[in-house]
Amino acid sequence: MSIAEQYPTGNLEDSSHSAREPEKTSTREYELHHVETHDPYISDEVTFRRINDQLEILANMGLYGDSSIDIARKRKKIDRENPATAALITELPSFSDWLDLVPTAAALDSLYDPHKATLADGKPLDPKLSEWFCNIVDGRGIRSRAEVVRGIMMTETAALDNRAQWLSLASGAAQPVIKTAKLLTEQGTLTPAVTLVDVDANSLKLARQYADEAGIGDHLKTRRMNILQPRGIDRDERSYDTLESTGGRLSAAALSIRGLMGMVRDGNKLPRNFYDTVEVVGLTEYLLEGNWGKTKAERQRGKNTPELEDEKYVYDQVIEEKDKPFAGARDFLQNAYRLVKPGGSLIVGNMLDTHPQLGFTLNVIQWPHIQPRSIDEMMGIFDRAELDGKTDVYTTPDGAYAIYRITKGR
Ligand SMILES: C[S@@+](CC[C@H](N)C(=O)[O-])C[C@H]1O[C@@H](n2cnc3c(N)ncnc32)[C@H](O)[C@@H]1O
């Protein structure tokens, strides 16, 4: 029996909450671009409608009957007994295997390419599940945000007269960045030097495999590193590059005690004012605006810091728990912006609070810790992070995400 037969609801309510007209609080100026995207995975109209109608039924069932959009609700783990989630598990073979991958970057793999025969961990991807990933907003949104990022990066890079330096923070398996670098190479434009940074070794391994398959492996560096260090992630660009630029031989500067100490200190940092494009899509929507967490000493003393309240916020596999305070969205973006070369850009994605199927994502899939934000809220965060560049905002017809580009003055 299908979901529609099992749970007939008559007139479906639209679970979107886009009717709300929020008050504007930021005065930051930006240019808004509505981008028409081209998604090759969307099915015929009948299939598209059928799946999105079924999804609507489940979204209205919510979490044990509560279909409210409650982003404060703690989701420590996916509750597969929630009736709406259980119904989808019954309806879609291999959905339960895919849920095992949520919320890691591996779960995104099947949304980027739903026609793959397997999930990122090699288990089969059932065609019925694949059809859902082709048509639901979460799938369309992941692909359209990648398309927007690709468009921006290709245009920016084609205009450069030097070799482009790209940095992807919280890169995951970096499917969009690798595909863009491959397209530029095929066009004969240039192949950018790509640095991917993530805490998750498996994602970086997957990225390495994709880059080799795309023929750009020689242009790729991966770094395993925590990018939410509250003291920043930037270093003087000359302090460590002396080693890299001499092909691994220690330069005279590095050989001094001071040089060696600097190298140790800066080993887990990235060069300031260095990258033409710094891309971070798929991270800020997990971050609170302010910093959170406790130092080891505070923990040992059992002391409660006012900003956290949010020790509970830490979620296995999304934000790594390392006994340290973490940078929130504001400080992290400020830290990331420092890495951008003058004239270069920071590209940020964040789920919109008007995502039309947010109830499904939060209550049925139970994707954890998402902080959807309006464009206005993001502008406020950019202001408080003191990102002083020109701001462009890109939206797509599916309405899931907005992509923000801040161009640093020369
Ligand atoms: C939802 S995935 C997004 C992946 C990719 N940017 C994309 O859009 O396809 C979020 C990624 O952030 C990474 N991440 C989470 N906390 C991190 C941290 N403190 N430092 C570095 N990476 C982190 C995770 O390992 C994961 O790969």
# chains A, B, ... in the order shown; residues from 1 in each chain; ligands from 1

$ residues_around --residues "A:Gly409" --least-positions-apart "4" --cutoff "12 Å" --atoms "only C-alpha atoms" --output "ChimeraX atom specification"
/A:273,337,340-346,387-391

$ residues_near_ligand --ligand "ligand 1" --cutoff "8 Å" --atoms "only C-alpha atoms and all ligand atoms" --output "number ranges by chain"
A: 103-106, 108-109, 142, 146, 168-176, 197-200, 203, 224-229, 280-283, 317-320, 326

$ write_last_selection --atoms "C-alpha atoms" --output "PDB file, in the first residue's frame"
ATOM      1  CA  PRO A 103      24.182  13.731   8.467  1.00  0.00           C
ATOM      2  CA  THR A 104      27.622  13.094   6.961  1.00  0.00           C
ATOM      3  CA  ALA A 105      28.749  14.389   3.579  1.00  0.00           C
ATOM      4  CA  ALA A 106      28.390  10.799   2.296  1.00  0.00           C
ATOM      5  CA  LEU A 108      24.818  14.083  -0.020  1.00  0.00           C
ATOM      6  CA  ASP A 109      26.474  11.885  -2.617  1.00  0.00           C
ATOM      7  CA  ILE A 142      21.635  20.529  -3.258  1.00  0.00           C
ATOM      8  CA  ALA A 146      26.117  23.414  -6.702  1.00  0.00           C
ATOM      9  CA  SER A 168      36.844  24.650  -0.095  1.00  0.00           C
ATOM     10  CA  LEU A 169      36.164  24.691   3.658  1.00  0.00           C
ATOM     11  CA  ALA A 170      34.081  21.847   5.117  1.00  0.00           C
ATOM     12  CA  SER A 171      34.497  20.437   1.643  1.00  0.00           C
ATOM     13  CA  GLY A 172      33.005  17.020   2.301  1.00  0.00           C
ATOM     14  CA  ALA A 173      33.642  14.982  -0.828  1.00  0.00           C
ATOM     15  CA  ALA A 174      33.665  18.277  -2.774  1.00  0.00           C
ATOM     16  CA  GLN A 175      31.600  17.061  -5.744  1.00  0.00           C
ATOM     17  CA  PRO A 176      30.684  20.609  -6.948  1.00  0.00           C
ATOM     18  CA  VAL A 197      39.732  21.123   4.104  1.00  0.00           C
ATOM     19  CA  ASP A 198      37.509  18.966   6.298  1.00  0.00           C
ATOM     20  CA  VAL A 199      37.713  17.153   9.635  1.00  0.00           C
ATOM     21  CA  ASP A 200      36.352  13.980   8.141  1.00  0.00           C
ATOM     22  CA  SER A 203      35.088  12.538   2.943  1.00  0.00           C
ATOM     23  CA  ARG A 224      42.318  17.403   7.638  1.00  0.00           C
ATOM     24  CA  MET A 225      41.746  20.232  10.064  1.00  0.00           C
ATOM     25  CA  ASN A 226      39.214  21.791  12.428  1.00  0.00           C
ATOM     26  CA  ILE A 227      38.086  25.008  10.749  1.00  0.00           C
ATOM     27  CA  LEU A 228      36.042  26.106  13.764  1.00  0.00           C
ATOM     28  CA  GLN A 229      39.071  27.067  15.854  1.00  0.00           C
ATOM     29  CA  VAL A 280      31.969  27.159   2.201  1.00  0.00           C
ATOM     30  CA  VAL A 281      28.618  25.634   1.408  1.00  0.00           C
ATOM     31  CA  GLY A 282      26.857  23.245   3.762  1.00  0.00           C
ATOM     32  CA  LEU A 283      28.399  24.291   7.075  1.00  0.00           C
ATOM     33  CA  GLN A 317      29.560  13.629  12.865  1.00  0.00           C
ATOM     34  CA  VAL A 318      28.292  17.140  12.068  1.00  0.00           C
ATOM     35  CA  ILE A 319      30.302  19.252  14.447  1.00  0.00           C
ATOM     36  CA  GLU A 320      33.196  17.408  15.988  1.00  0.00           C
ATOM     37  CA  PHE A 326      34.005  26.360  18.754  1.00  0.00           C
TER      38      PHE A 326
END

$ select_by_dssp --residues "stretch 42-160 of chain A" --states "strand (DSSP E or B)" --output "list of chain:residue names"
A:Leu63, A:Asp66, A:Thr118, A:Pro124

$ residues_around --residues "stretch 151-166 of chain A" --least-positions-apart "3" --cutoff "10 Å" --atoms "only C-alpha atoms" --output "PyMOL selection string"
chain A and resi 35+145-148+169+177+180-181+183-184+189-196+220+274-279+340-341+344-345+347+394+405

$ write_last_selection --atoms "C-alpha atoms" --output "short mmCIF file (atom, residue, chain, number, x, y, z; two decimals), in the first residue's frame"
data_model
loop_
_atom_site.label_atom_id
_atom_site.label_comp_id
_atom_site.auth_asym_id
_atom_site.auth_seq_id
_atom_site.Cartn_x
_atom_site.Cartn_y
_atom_site.Cartn_z
CA VAL A 35 19.07 32.13 -11.13
CA ARG A 145 23.27 25.36 -5.09
CA ALA A 146 26.12 23.41 -6.70
CA GLU A 147 25.10 24.84 -10.08
CA VAL A 148 25.12 28.38 -8.72
CA LEU A 169 36.16 24.69 3.66
CA VAL A 177 34.22 21.98 -6.74
CA THR A 180 33.82 22.79 -11.78
CA ALA A 181 37.60 22.31 -11.92
CA LEU A 183 34.85 21.64 -16.64
CA LEU A 184 37.39 24.48 -16.66
CA THR A 189 40.65 27.67 -19.58
CA LEU A 190 42.95 26.53 -16.77
CA THR A 191 43.06 24.04 -13.95
CA PRO A 192 42.85 25.74 -10.58
CA ALA A 193 44.96 24.68 -7.63
CA VAL A 194 42.32 23.22 -5.29
CA THR A 195 42.71 22.85 -1.52
CA LEU A 196 40.02 20.92 0.33
CA LEU A 220 44.38 18.80 -5.49
CA PHE A 274 45.87 33.95 -0.45
CA TYR A 275 42.89 32.33 -2.19
CA ASP A 276 41.02 33.71 -5.19
CA THR A 277 37.91 31.85 -4.07
CA VAL A 278 37.04 30.49 -0.65
CA GLU A 279 33.93 28.33 -0.82
CA VAL A 340 40.51 35.57 0.68
CA LYS A 341 42.94 37.45 -1.55
CA GLY A 344 38.81 37.45 -4.52
CA SER A 345 35.57 36.20 -3.02
CA ILE A 347 31.10 32.06 -1.29
CA TYR A 394 21.72 34.14 -5.53
CA ARG A 405 29.19 36.00 -2.50
#

$ atom_distance --atom1 "atom CA of A:Asp236" --atom2 "atom CA of A:Trp292"
26.5 Å

$ select_by_dssp --residues "stretch 131-250 of chain A" --states "alpha helix (DSSP H)" --output "PyMOL selection string"
chain A and resi 131-135+137-158+175-187+201-213+238-245

$ residues_around --residues "A:Arg75" --least-positions-apart "5" --cutoff "9 Å" --atoms "only C-alpha atoms" --output "VMD selection string"
chain A and resid 315 366 to 369

$ closest_residue --among "A:Thr284, A:Asn135, A:Gln187, A:Gln334" --to "A:Tyr41" --atoms "only C-alpha atoms"
A:Asn135

$ closest_residue --among "A:Ile233, A:Leu125, A:Leu167, A:Leu119" --to "A:Lys221" --atoms "only C-alpha atoms"
A:Leu167

$ atom_distance --atom1 "atom CA of A:Met378" --atom2 "atom CA of A:Gln357"
20.3 Å

$ closest_residue --among "A:Leu206, A:Ile178, A:Leu358, A:Leu55" --to "A:Ala87" --atoms "only C-alpha atoms"
A:Leu55

$ residues_around --residues "A:Pro271" --least-positions-apart "6" --cutoff "6 Å" --atoms "only C-alpha atoms" --output "VMD selection string"
chain A and resid 234 to 237
